[in-house]
Amino acid sequence: MSNPVKVPLATKPMSILQSLGSARRNVLSILPEIATRQPMVSGKTGIRWHMVMDPPSLKRVLRDKLEDYPKSGVTKTLLRPAIGNSLFIAEGTHWQWQRRATAPTFALRNVRALAPVMTRAAEATCTRIHATQIGPADMYAQMVTTTFQVISDVTLSGDSEFDPQTVHKAIDAYIASAGRVTLADILGLPAWVPRGGWFKSRKALYDMRRIADATIEARRRSGPRETPDLLDHLLAAQDPETGRKMTTSELRDNLLTFIVAGHETTALTLSWALYLCAFDTVKQEKARAEAQSVLSGRAATQDDLAALPYITAIIEETLRLYPPAALVSRTAKAKDTLCGRQIHPGDTMMIPIYTLHRHHMLWDEPDAFQPERFMNGNGPERFAYLPFGDGPRVCIGQSFAMQEAVLILATLLSRFKFSLTEKHPEPVMILTLRPEGGVWLHAESA
Ligand code: HEM
């Protein structure tokens, strides 16, 4: 195989029923192959929709005309039962104050101070992988454990009331049942039409909320930590206009947003990066040489980041080939023209980050794994590369995630050689772009 695994994109138009069947298995399989060649693809499946891959139009949708392109109805329908009207899906002033309240935790200076949590998690991961060396191990499962540890330390200082296993199982059950795109979503039915997965995920949601509420109440009783964590910041946050604080349900919804958005995505990035390194062992060796010369046996820390440009480029290239948020969407609120095409209020705007990142007009050999394309200031055109989105709603955890991924990958590559097994991962999008079946790799001491 000359290129790493990819999603087989549709080469012929699909009927609604075909789209439904494909989308339930893998949302990305409804993307047409021409979305890697054309700046924009439009159609009608009950509702009018547009897939936008043209960087200037993406800039308009995500940055210049933010108010005219709010998050889509589908996004809100899928996520609201789990995370309410929290930062991720709120709009207007309600979004703004929540963003302001949480921004300090993710400011670069504070993210740097969180590096020791990540270094500790990298060390613990090495110990676990070391124990599995007799046979192949699922690196996706390993990375989920790692990043979950990091996010629970950062949000809740590893609070004793908080049981990561239960919350994690609940999140998984919710994503597995409600995260699949349903016929209602494809047909663009309104949000109040019940979706199939909801019933199955009710118990998972109930568990998640119960645990989050108990954690919030316990913290209210105990007062803030000496070094405030994200929950303390949320508890202290005040709307600058009204002076009000977040209610328990707003606190809970944001807490769950950060826990869900803040670990799955980074675990996916690391798992896909390990797969790519095992796929191309020459590049893996080059990365290991860099990591070993910088780290000399210890786990990576914040001070090492600047000396790890190749490892950083591997993470950037991984986010290009397997962007965890591979498809984001908006609903047009006003008339507009993009790429000479009319946009009507109510149209669904799809931003297929997956096909944008593999677009033939924007990338050389788009399906190839070439971290070098991110080296020596060779970065891509700004709106051609959107693993974290862009504009005011850009991922708030971007520097956090990059720092975590680089520190952990560098530590792992300095200690282990990873090689493929016969089982290759299959990229399947269920809310995020996951490796179906896991990422099974051999790991031997380097
Ligand atoms: C590699 C890891 C990550 C990726 C690829 C990623 C990707 C994204 C993307 C694409 C968006 C924008 C979605 C849109 O425009 O519709 C987003 C938003 C967001 N992300 Fe991330 N994310 C990652 C890590 C994190 C982390 C670590 C956190 C928090 C700890 C986080 C929290 C959020 C939140 C709260 C938003 C909503 C921001 C807003 O609307 O103001 N993400 N993320």
# chains A, B, ... in the order shown; residues from 1 in each chain; ligands from 1
$ residues_around --residues "Leu62 (chain A)" --least-positions-apart "4" --cutoff "6 Å" --atoms "only C-alpha atoms" --output "ChimeraX atom specification"
/A:58,66,391
$ write_last_selection --atoms "C-alpha atoms" --output "PDB file, in the first residue's frame"
ATOM      1  CA  LEU A  58     -14.581  29.350   4.194  1.00  0.00           C
ATOM      2  CA  LEU A  66     -20.180  34.631  11.623  1.00  0.00           C
ATOM      3  CA  GLY A 391     -12.641  32.495  13.158  1.00  0.00           C
TER       4      GLY A 391
END
$ residues_near_ligand --ligand "ligand 1" --cutoff "6 Å" --atoms "only C-alpha atoms and all ligand atoms" --output "list in words"
Leu87, Phe88, Arg99, Phe258, Ala261, Gly262, Thr265, Thr266, Thr269, Pro323, Pro324, Ala325, Val328, Pro387, Phe388, Gly389, Arg393, Val394, Cys395, Ile396, Gly397, Gln398, Phe400 and Ala401 of chain A
$ atom_distance --atom1 "CA of Ala214 (chain A)" --atom2 "CA of Ile430 (chain A)"
29.1 Å
$ closest_residue --among "A:Thr145, A:Ser329, A:Ser414, A:Ser271" --to "Thr75 (chain A)" --atoms "only C-alpha atoms"
A:Ser329
$ residues_around --residues "Arg120 (chain A)" --least-positions-apart "3" --cutoff "10 Å" --atoms "only C-alpha atoms" --output "PyMOL selection string"
chain A and resi 115-117+123-125+146+149-150+299-301+408
$ atom_distance --atom1 "CA of Lys59 (chain A)" --atom2 "CA of Leu327 (chain A)"
16.0 Å
$ residues_around --residues "Lys71 (chain A)" --least-positions-apart "2" --cutoff "8 Å" --atoms "only C-alpha atoms" --output "PDB file with all heavy atoms, in the first residue's frame"
ATOM      1  N   TYR A  69     -23.991  32.696   9.671  1.00  0.00           N
ATOM      2  CA  TYR A  69     -23.793  31.251   9.552  1.00  0.00           C
ATOM      3  C   TYR A  69     -23.643  30.610  10.939  1.00  0.00           C
ATOM      4  O   TYR A  69     -22.555  30.176  11.326  1.00  0.00           O
ATOM      5  CB  TYR A  69     -22.546  30.952   8.701  1.00  0.00           C
ATOM      6  CG  TYR A  69     -22.696  31.340   7.245  1.00  0.00           C
ATOM      7  CD1 TYR A  69     -22.071  32.472   6.735  1.00  0.00           C
ATOM      8  CD2 TYR A  69     -23.465  30.553   6.390  1.00  0.00           C
ATOM      9  CE1 TYR A  69     -22.212  32.833   5.393  1.00  0.00           C
ATOM     10  CE2 TYR A  69     -23.611  30.903   5.049  1.00  0.00           C
ATOM     11  CZ  TYR A  69     -22.974  32.038   4.551  1.00  0.00           C
ATOM     12  OH  TYR A  69     -23.119  32.366   3.229  1.00  0.00           O
ATOM     13  N   GLY A  73     -28.519  23.221  12.487  1.00  0.00           N
ATOM     14  CA  GLY A  73     -29.577  22.540  13.236  1.00  0.00           C
ATOM     15  C   GLY A  73     -29.163  21.116  13.575  1.00  0.00           C
ATOM     16  O   GLY A  73     -29.419  20.628  14.674  1.00  0.00           O
ATOM     17  N   THR A  75     -26.147  19.864  14.081  1.00  0.00           N
ATOM     18  CA  THR A  75     -25.185  19.872  15.187  1.00  0.00           C
ATOM     19  C   THR A  75     -25.926  20.021  16.509  1.00  0.00           C
ATOM     20  O   THR A  75     -25.677  19.294  17.467  1.00  0.00           O
ATOM     21  CB  THR A  75     -24.213  21.075  15.041  1.00  0.00           C
ATOM     22  OG1 THR A  75     -23.708  21.099  13.723  1.00  0.00           O
ATOM     23  CG2 THR A  75     -23.092  21.019  16.045  1.00  0.00           C
ATOM     24  N   LYS A  76     -26.856  20.970  16.531  1.00  0.00           N
ATOM     25  CA  LYS A  76     -27.555  21.241  17.795  1.00  0.00           C
ATOM     26  C   LYS A  76     -28.433  20.057  18.190  1.00  0.00           C
ATOM     27  O   LYS A  76     -28.489  19.683  19.352  1.00  0.00           O
ATOM     28  CB  LYS A  76     -28.372  22.524  17.668  1.00  0.00           C
ATOM     29  CG  LYS A  76     -27.444  23.731  17.581  1.00  0.00           C
ATOM     30  CD  LYS A  76     -28.175  25.028  17.321  1.00  0.00           C
ATOM     31  CE  LYS A  76     -27.155  26.150  17.154  1.00  0.00           C
ATOM     32  NZ  LYS A  76     -27.705  27.351  16.567  1.00  0.00           N
ATOM     33  N   ILE A  89     -22.281  24.874  21.398  1.00  0.00           N
ATOM     34  CA  ILE A  89     -23.394  25.119  20.471  1.00  0.00           C
ATOM     35  C   ILE A  89     -24.158  26.419  20.717  1.00  0.00           C
ATOM     36  O   ILE A  89     -25.007  26.783  19.914  1.00  0.00           O
ATOM     37  CB  ILE A  89     -24.395  23.929  20.417  1.00  0.00           C
ATOM     38  CG1 ILE A  89     -24.711  23.419  21.814  1.00  0.00           C
ATOM     39  CG2 ILE A  89     -23.894  22.834  19.509  1.00  0.00           C
ATOM     40  CD1 ILE A  89     -25.673  22.244  21.782  1.00  0.00           C
ATOM     41  N   GLU A  91     -25.115  30.408  20.850  1.00  0.00           N
ATOM     42  CA  GLU A  91     -24.891  31.478  19.862  1.00  0.00           C
ATOM     43  C   GLU A  91     -24.981  32.841  20.547  1.00  0.00           C
ATOM     44  O   GLU A  91     -25.494  32.951  21.661  1.00  0.00           O
ATOM     45  CB  GLU A  91     -25.971  31.442  18.764  1.00  0.00           C
ATOM     46  CG  GLU A  91     -26.137  30.128  18.038  1.00  0.00           C
ATOM     47  CD  GLU A  91     -25.036  29.834  17.031  1.00  0.00           C
ATOM     48  OE1 GLU A  91     -24.206  30.739  16.758  1.00  0.00           O
ATOM     49  OE2 GLU A  91     -25.006  28.711  16.512  1.00  0.00           O
ATOM     50  N   SER A 329     -20.686  21.789  10.380  1.00  0.00           N
ATOM     51  CA  SER A 329     -21.722  22.374   9.532  1.00  0.00           C
ATOM     52  C   SER A 329     -22.347  23.626  10.156  1.00  0.00           C
ATOM     53  O   SER A 329     -22.248  23.861  11.355  1.00  0.00           O
ATOM     54  CB  SER A 329     -22.793  21.332   9.225  1.00  0.00           C
ATOM     55  OG  SER A 329     -23.291  20.792  10.415  1.00  0.00           O
ATOM     56  N   ARG A 330     -22.949  24.404   9.295  1.00  0.00           N
ATOM     57  CA  ARG A 330     -23.618  25.639   9.672  1.00  0.00           C
ATOM     58  C   ARG A 330     -24.956  25.691   8.939  1.00  0.00           C
ATOM     59  O   ARG A 330     -25.135  25.002   7.933  1.00  0.00           O
ATOM     60  CB  ARG A 330     -22.785  26.862   9.222  1.00  0.00           C
ATOM     61  CG  ARG A 330     -21.380  26.938   9.814  1.00  0.00           C
ATOM     62  CD  ARG A 330     -21.427  27.271  11.302  1.00  0.00           C
ATOM     63  NE  ARG A 330     -20.120  27.574  11.867  1.00  0.00           N
ATOM     64  CZ  ARG A 330     -19.336  26.684  12.482  1.00  0.00           C
ATOM     65  NH1 ARG A 330     -19.700  25.411  12.576  1.00  0.00           N
ATOM     66  NH2 ARG A 330     -18.190  27.063  13.000  1.00  0.00           N
ATOM     67  N   THR A 331     -25.871  26.548   9.412  1.00  0.00           N
ATOM     68  CA  THR A 331     -27.100  26.786   8.667  1.00  0.00           C
ATOM     69  C   THR A 331     -27.095  28.257   8.254  1.00  0.00           C
ATOM     70  O   THR A 331     -26.899  29.128   9.111  1.00  0.00           O
ATOM     71  CB  THR A 331     -28.341  26.467   9.541  1.00  0.00           C
ATOM     72  OG1 THR A 331     -28.286  25.093   9.898  1.00  0.00           O
ATOM     73  CG2 THR A 331     -29.633  26.711   8.775  1.00  0.00           C
TER      74      THR A 331
END
$ select_by_dssp --residues "region 23-268 of chain A" --states "strand (DSSP E or B)" --output "count of residues only"
18
$ atom_distance --atom1 "CA of Leu441 (chain A)" --atom2 "CA of Pro4 (chain A)"
14.6 Å
$ residues_around --residues "region 347-356 of chain A" --least-positions-apart "4" --cutoff "7 Å" --atoms "only C-alpha atoms" --output "list in words"
Ala35, Thr36, Ile47, Arg48, Trp49, His50, Met51, Val52, Met53, Ser72, Pro323, Ala326, Leu327, Val328, Ser329, Arg330, Thr331, Ala332, Ile343, Ala384 and Leu386 of chain A
$ closest_residue --among "A:His357, A:Asp54, A:Asn254, A:Leu268" --to "Pro425 (chain A)" --atoms "only C-alpha atoms"
A:Leu268
$ residues_around --residues "region 232-238 of chain A" --least-positions-apart "2" --cutoff "10 Å" --atoms "only C-alpha atoms" --output "count of residues only"
36
$ residues_around --residues "Arg298 (chain A)" --least-positions-apart "3" --cutoff "12 Å" --atoms "only C-alpha atoms" --output "list in words"
Thr119, Arg120, Ala122, Glu123, Cys126, Ala291, Gln292, Ser293, Val294, Leu295, Thr301, Asp304, Leu407, Ile408, Ala410, Thr411, Leu412, Leu413, Ser414 and Arg415 of chain A
